[in-house]
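*Asks:* The structure follows.
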Amino acid sequence: DALVGEEFGHRPTTVPATMSLVAACAAPAAYGSSRRHRQCCSGWRLRSVTRDERGDRPAGCETPPVRLAVTLEQCWHRVPGGTATSVLRTVDALTEREDVEVVGVAARHGDPPPEPFQPSVPVWELPLPRRALYESWHRLRRPAVERATGPVDAIWASAVAVPPRSAPLVVTVHDLAPLHHPEHTPKRARAFYRRAFELARTEADLVCCPSLTT
């Protein structure tokens with residue numbers, strides 16, 4: 001049911017440097033008193049809350065932490081593979097920092113992903129299922145991730161699908177196999193990958209590659 005060819009089985013195991021992600025974020029905005037709503041996933045049951053309800057900044061953090069939205073849809077792929085594993089471990093590392101608040105964003109599911117691929121951070125769901133969301137992101141450049149997460153300071157497109165740049169955008173390109181070996185990629189998926197690489201090149205503030213080969 002996935003739009004893309006799921007995984008190729010040879011993803012690099014080196015995760016992106018957490019400092020690179022933090023440095024890519026623009027100066028974080030002050031919390032303020034925005035009443036913009038977001039969808040808070042509590043036990044994977046969605047409820048509507050406001051940004052004011054997030055609470056105060058972490059203890060000992062003198063400046064507001066960067067609120068980073070991370071695309072985590074790959075956790076629900078039929079074969080999450082190395083991409084999901086490396087991203088989840090990077091998310092775990094980011095949550096240890098006092099200057100970063102990580103929130104996940106995904107397509108509409110209603111249920112958590114399989115146990116090995118359940119994120120350690122809350123995941124907010126956009127109203128579209130995966131295939132429609134991927135198409136809408138790449139063709140129409142909407143919806144913005146903030147429709148689910150509320151205001152964020154930066155967005156990390158951690159896999160192939162690239163959401164619209166409604167905040168400073170970091171994109172991780174894990175490999176270029178669809179370009180180098182198109183015979184192993186379905187025709188529709190090849191177009192999807194080409195569009196993703198184009199968006200990374202033209203819209204991202206920073207592109208991260210987890211291997212020297214890529």
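Letters A, B, ... go to the chains of the structure tokens in the order shown; residues in each chain start at 1; ligands are counted from 1 in the same order.
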List as number ranges by chain the protein and nucleic acid residues near Ala167 of chain A, meaning an atom at most 8 Å away when only C-alpha atoms are counted, but skip any in the same chain fewer than 3 places from it.

*Replies:* A: 152-155

*Asks:* Save the residues we just selected, all heavy atoms, as a short mmCIF file (atom, residue, chain, number, x, y, z; two decimals), in the first residue's frame?

*Replies:*
data_model
loop_
_atom_site.label_atom_id
_atom_site.label_comp_id
_atom_site.auth_asym_id
_atom_site.auth_seq_id
_atom_site.Cartn_x
_atom_site.Cartn_y
_atom_site.Cartn_z
N VAL A 152 6.07 25.22 14.96
CA VAL A 152 7.39 24.61 15.17
C VAL A 152 8.45 25.58 14.67
O VAL A 152 8.17 26.48 13.88
CB VAL A 152 7.52 23.26 14.43
CG1 VAL A 152 6.53 22.24 14.98
CG2 VAL A 152 7.33 23.43 12.93
N ASP A 153 9.67 25.37 15.14
CA ASP A 153 10.79 26.23 14.75
C ASP A 153 11.55 25.66 13.56
O ASP A 153 12.26 26.39 12.87
CB ASP A 153 11.74 26.42 15.92
CG ASP A 153 11.05 27.07 17.11
OD1 ASP A 153 10.47 28.16 16.93
OD2 ASP A 153 11.08 26.48 18.22
N ALA A 154 11.45 24.37 13.32
CA ALA A 154 12.14 23.73 12.21
C ALA A 154 11.48 22.40 11.91
O ALA A 154 10.76 21.83 12.76
CB ALA A 154 13.62 23.52 12.53
N ILE A 155 11.72 21.91 10.69
CA ILE A 155 11.15 20.64 10.24
C ILE A 155 12.28 19.75 9.74
O ILE A 155 13.14 20.21 8.97
CB ILE A 155 10.13 20.86 9.10
CG1 ILE A 155 8.99 21.75 9.56
CG2 ILE A 155 9.59 19.52 8.58
CD1 ILE A 155 8.13 22.29 8.42
#

*Asks:* Would you pick out the contacts of segment 115-127 of chain A at 10 Å or less, using only C-alpha atoms, so that residues sharing its chain but fewer than 4 positions from it are not included, and give the list as a PDB file with N, CA and C atoms, in the first residue's frame?

*Replies:*
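For reference, part.pdb as written:
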ATOM      1  N   ARG A  38      -3.208  22.056  18.226  1.00  0.00           N
ATOM      2  CA  ARG A  38      -2.474  20.941  17.654  1.00  0.00           C
ATOM      3  C   ARG A  38      -3.145  19.647  18.104  1.00  0.00           C
ATOM      4  N   GLN A  39      -2.737  18.562  17.509  1.00  0.00           N
ATOM      5  CA  GLN A  39      -3.282  17.271  17.891  1.00  0.00           C
ATOM      6  C   GLN A  39      -2.274  16.558  18.776  1.00  0.00           C
ATOM      7  N   CYS A  40      -2.643  16.321  20.020  1.00  0.00           N
ATOM      8  CA  CYS A  40      -1.729  15.678  20.958  1.00  0.00           C
ATOM      9  C   CYS A  40      -2.060  14.201  21.031  1.00  0.00           C
ATOM     10  N   CYS A  41      -1.058  13.376  20.760  1.00  0.00           N
ATOM     11  CA  CYS A  41      -1.264  11.939  20.761  1.00  0.00           C
ATOM     12  C   CYS A  41      -0.933  11.410  22.146  1.00  0.00           C
ATOM     13  N   SER A  42      -1.935  11.043  22.889  1.00  0.00           N
ATOM     14  CA  SER A  42      -1.745  10.520  24.232  1.00  0.00           C
ATOM     15  C   SER A  42      -2.233   9.081  24.246  1.00  0.00           C
ATOM     16  N   GLY A  43      -1.297   8.130  24.307  1.00  0.00           N
ATOM     17  CA  GLY A  43      -1.689   6.741  24.207  1.00  0.00           C
ATOM     18  C   GLY A  43      -2.280   6.426  22.854  1.00  0.00           C
ATOM     19  N   TRP A  44      -1.869   7.210  21.831  1.00  0.00           N
ATOM     20  CA  TRP A  44      -2.338   7.055  20.463  1.00  0.00           C
ATOM     21  C   TRP A  44      -3.822   7.363  20.310  1.00  0.00           C
ATOM     22  N   LEU A  46      -6.092  10.676  19.948  1.00  0.00           N
ATOM     23  CA  LEU A  46      -5.853  12.084  19.675  1.00  0.00           C
ATOM     24  C   LEU A  46      -6.810  12.973  20.453  1.00  0.00           C
ATOM     25  N   ARG A  47      -6.252  14.064  20.956  1.00  0.00           N
ATOM     26  CA  ARG A  47      -7.094  15.077  21.582  1.00  0.00           C
ATOM     27  C   ARG A  47      -6.554  16.431  21.169  1.00  0.00           C
ATOM     28  N   ALA A  69       9.862  19.463  14.395  1.00  0.00           N
ATOM     29  CA  ALA A  69       8.919  18.456  13.892  1.00  0.00           C
ATOM     30  C   ALA A  69       9.683  17.472  13.007  1.00  0.00           C
ATOM     31  N   VAL A  70       9.502  16.191  13.257  1.00  0.00           N
ATOM     32  CA  VAL A  70      10.205  15.138  12.523  1.00  0.00           C
ATOM     33  C   VAL A  70       9.189  14.246  11.826  1.00  0.00           C
ATOM     34  N   THR A  71       9.360  14.027  10.527  1.00  0.00           N
ATOM     35  CA  THR A  71       8.471  13.104   9.816  1.00  0.00           C
ATOM     36  C   THR A  71       8.836  11.678  10.211  1.00  0.00           C
ATOM     37  N   LEU A  72       7.841  10.925  10.695  1.00  0.00           N
ATOM     38  CA  LEU A  72       8.074   9.566  11.191  1.00  0.00           C
ATOM     39  C   LEU A  72       7.165   8.552  10.506  1.00  0.00           C
ATOM     40  N   GLU A  73       6.654   8.897   9.335  1.00  0.00           N
ATOM     41  CA  GLU A  73       5.730   8.002   8.628  1.00  0.00           C
ATOM     42  C   GLU A  73       6.364   6.652   8.304  1.00  0.00           C
ATOM     43  N   GLN A  74       7.693   6.619   8.101  1.00  0.00           N
ATOM     44  CA  GLN A  74       8.344   5.362   7.733  1.00  0.00           C
ATOM     45  C   GLN A  74       8.191   4.290   8.804  1.00  0.00           C
ATOM     46  N   CYS A  75       7.862   4.683  10.032  1.00  0.00           N
ATOM     47  CA  CYS A  75       7.655   3.691  11.096  1.00  0.00           C
ATOM     48  C   CYS A  75       6.452   2.795  10.808  1.00  0.00           C
ATOM     49  N   TRP A  76       5.529   3.273   9.979  1.00  0.00           N
ATOM     50  CA  TRP A  76       4.347   2.496   9.610  1.00  0.00           C
ATOM     51  C   TRP A  76       4.521   1.757   8.279  1.00  0.00           C
ATOM     52  N   HIS A  77       5.647   1.942   7.598  1.00  0.00           N
ATOM     53  CA  HIS A  77       5.847   1.228   6.338  1.00  0.00           C
ATOM     54  C   HIS A  77       5.840  -0.277   6.566  1.00  0.00           C
ATOM     55  N   PRO A  80       9.860  -1.023   7.625  1.00  0.00           N
ATOM     56  CA  PRO A  80      10.470   0.232   8.091  1.00  0.00           C
ATOM     57  C   PRO A  80      11.977   0.263   7.860  1.00  0.00           C
ATOM     58  N   GLY A  81      12.647  -0.841   8.113  1.00  0.00           N
ATOM     59  CA  GLY A  81      14.057  -0.998   7.772  1.00  0.00           C
ATOM     60  C   GLY A  81      15.007  -0.069   8.483  1.00  0.00           C
ATOM     61  N   ALA A  84      14.048   3.832   9.277  1.00  0.00           N
ATOM     62  CA  ALA A  84      13.293   4.077  10.507  1.00  0.00           C
ATOM     63  C   ALA A  84      14.170   3.874  11.734  1.00  0.00           C
ATOM     64  N   THR A  85      15.003   2.848  11.714  1.00  0.00           N
ATOM     65  CA  THR A  85      15.857   2.571  12.863  1.00  0.00           C
ATOM     66  C   THR A  85      16.823   3.712  13.133  1.00  0.00           C
ATOM     67  N   VAL A  87      16.609   6.856  12.168  1.00  0.00           N
ATOM     68  CA  VAL A  87      15.891   8.077  12.539  1.00  0.00           C
ATOM     69  C   VAL A  87      15.408   8.000  13.981  1.00  0.00           C
ATOM     70  N   LEU A  88      14.879   6.859  14.389  1.00  0.00           N
ATOM     71  CA  LEU A  88      14.392   6.721  15.760  1.00  0.00           C
ATOM     72  C   LEU A  88      15.520   6.856  16.770  1.00  0.00           C
ATOM     73  N   ARG A  89      16.690   6.310  16.446  1.00  0.00           N
ATOM     74  CA  ARG A  89      17.830   6.450  17.367  1.00  0.00           C
ATOM     75  C   ARG A  89      18.293   7.908  17.432  1.00  0.00           C
ATOM     76  N   VAL A  91      16.280  10.498  16.988  1.00  0.00           N
ATOM     77  CA  VAL A  91      15.250  11.145  17.802  1.00  0.00           C
ATOM     78  C   VAL A  91      15.511  10.902  19.280  1.00  0.00           C
ATOM     79  N   ASP A  92      15.876   9.673  19.634  1.00  0.00           N
ATOM     80  CA  ASP A  92      16.194   9.370  21.031  1.00  0.00           C
ATOM     81  C   ASP A  92      17.325  10.259  21.540  1.00  0.00           C
ATOM     82  N   THR A  95      16.165  13.882  22.133  1.00  0.00           N
ATOM     83  CA  THR A  95      15.337  14.077  23.332  1.00  0.00           C
ATOM     84  C   THR A  95      16.186  14.225  24.589  1.00  0.00           C
ATOM     85  N   GLU A 101      12.995  20.341  21.584  1.00  0.00           N
ATOM     86  CA  GLU A 101      11.741  19.637  21.865  1.00  0.00           C
ATOM     87  C   GLU A 101      11.320  18.955  20.569  1.00  0.00           C
ATOM     88  N   VAL A 102      11.264  17.639  20.567  1.00  0.00           N
ATOM     89  CA  VAL A 102      10.987  16.878  19.353  1.00  0.00           C
ATOM     90  C   VAL A 102       9.532  16.428  19.342  1.00  0.00           C
ATOM     91  N   VAL A 103       8.852  16.664  18.217  1.00  0.00           N
ATOM     92  CA  VAL A 103       7.499  16.158  18.013  1.00  0.00           C
ATOM     93  C   VAL A 103       7.467  15.432  16.671  1.00  0.00           C
ATOM     94  N   GLY A 104       6.787  14.310  16.630  1.00  0.00           N
ATOM     95  CA  GLY A 104       6.675  13.549  15.389  1.00  0.00           C
ATOM     96  C   GLY A 104       5.438  13.940  14.606  1.00  0.00           C
ATOM     97  N   VAL A 105       5.481  13.693  13.305  1.00  0.00           N
ATOM     98  CA  VAL A 105       4.316  13.925  12.456  1.00  0.00           C
ATOM     99  C   VAL A 105       4.219  12.771  11.470  1.00  0.00           C
ATOM    100  N   ALA A 106       3.000  12.337  11.198  1.00  0.00           N
ATOM    101  CA  ALA A 106       2.776  11.193  10.313  1.00  0.00           C
ATOM    102  C   ALA A 106       1.425  11.337   9.635  1.00  0.00           C
ATOM    103  N   ALA A 107       1.137  10.399   8.756  1.00  0.00           N
ATOM    104  CA  ALA A 107      -0.164  10.356   8.090  1.00  0.00           C
ATOM    105  C   ALA A 107      -1.218   9.818   9.062  1.00  0.00           C
ATOM    106  N   ARG A 108      -2.439   9.731   8.606  1.00  0.00           N
ATOM    107  CA  ARG A 108      -3.538   9.262   9.445  1.00  0.00           C
ATOM    108  C   ARG A 108      -3.450   7.749   9.632  1.00  0.00           C
ATOM    109  N   HIS A 109      -3.435   7.315  10.886  1.00  0.00           N
ATOM    110  CA  HIS A 109      -3.402   5.887  11.199  1.00  0.00           C
ATOM    111  C   HIS A 109      -4.385   5.528  12.319  1.00  0.00           C
ATOM    112  N   GLY A 110      -4.239   6.194  13.464  1.00  0.00           N
ATOM    113  CA  GLY A 110      -5.092   5.877  14.595  1.00  0.00           C
ATOM    114  C   GLY A 110      -4.521   4.805  15.496  1.00  0.00           C
ATOM    115  N   ALA A 132      -2.120   9.546  -0.046  1.00  0.00           N
ATOM    116  CA  ALA A 132      -2.670  10.869  -0.357  1.00  0.00           C
ATOM    117  C   ALA A 132      -1.794  11.974   0.216  1.00  0.00           C
ATOM    118  N   LEU A 133      -1.243  11.742   1.406  1.00  0.00           N
ATOM    119  CA  LEU A 133      -0.386  12.754   2.023  1.00  0.00           C
ATOM    120  C   LEU A 133       0.889  12.949   1.209  1.00  0.00           C
ATOM    121  N   PRO A 143      -0.657  19.464   3.114  1.00  0.00           N
ATOM    122  CA  PRO A 143      -0.773  20.400   4.230  1.00  0.00           C
ATOM    123  C   PRO A 143       0.558  20.598   4.960  1.00  0.00           C
ATOM    124  N   ALA A 144       0.677  21.730   5.623  1.00  0.00           N
ATOM    125  CA  ALA A 144       1.851  21.989   6.446  1.00  0.00           C
ATOM    126  C   ALA A 144       1.832  21.086   7.671  1.00  0.00           C
ATOM    127  N   VAL A 145       3.003  20.724   8.156  1.00  0.00           N
ATOM    128  CA  VAL A 145       3.054  19.859   9.331  1.00  0.00           C
ATOM    129  C   VAL A 145       2.427  20.542  10.537  1.00  0.00           C
ATOM    130  N   GLU A 146       2.469  21.888  10.564  1.00  0.00           N
ATOM    131  CA  GLU A 146       1.909  22.609  11.710  1.00  0.00           C
ATOM    132  C   GLU A 146       0.412  22.430  11.853  1.00  0.00           C
ATOM    133  N   ARG A 147      -0.242  21.956  10.787  1.00  0.00           N
ATOM    134  CA  ARG A 147      -1.675  21.689  10.912  1.00  0.00           C
ATOM    135  C   ARG A 147      -1.926  20.625  11.978  1.00  0.00           C
ATOM    136  N   ALA A 148      -0.953  19.738  12.172  1.00  0.00           N
ATOM    137  CA  ALA A 148      -1.077  18.705  13.200  1.00  0.00           C
ATOM    138  C   ALA A 148      -0.304  19.055  14.461  1.00  0.00           C
ATOM    139  N   THR A 149       0.909  19.591  14.303  1.00  0.00           N
ATOM    140  CA  THR A 149       1.794  19.772  15.449  1.00  0.00           C
ATOM    141  C   THR A 149       1.631  21.092  16.167  1.00  0.00           C
ATOM    142  N   GLY A 150       1.020  22.082  15.519  1.00  0.00           N
ATOM    143  CA  GLY A 150       1.078  23.428  16.038  1.00  0.00           C
ATOM    144  C   GLY A 150       2.396  24.062  15.618  1.00  0.00           C
TER     145      GLY A 150
END

*Asks:* Using DSSP on the backbone coordinates, identify all residues within segment 25-213 of chain A classified as strand (DSSP E); present the result as a count of residues only.

*Replies:* 39

*Asks:* Need the shell around segment 189-204 of chain A: protein/DNA/RNA residues with any atom at most 9 Å away, counting only C-alpha atoms. Skip same-chain ones fewer than 3 positions apart. Format as a PyMOL selection string?

*Replies:* chain A and resi 3-5+134-135+138-139+160-162+164-165+168-173+176+178-179+182+185-186+207

*Asks:* So, counting only C-alpha atoms, which residue among A:Pro112, A:Pro210, A:Arg131, A:His180 is closest to Thr90 of chain A?

*Replies:*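 Among A:Pro112, A:Pro210, A:Arg131, A:His180, it is A:Pro210 that comes nearest to Thr90 of chain A.
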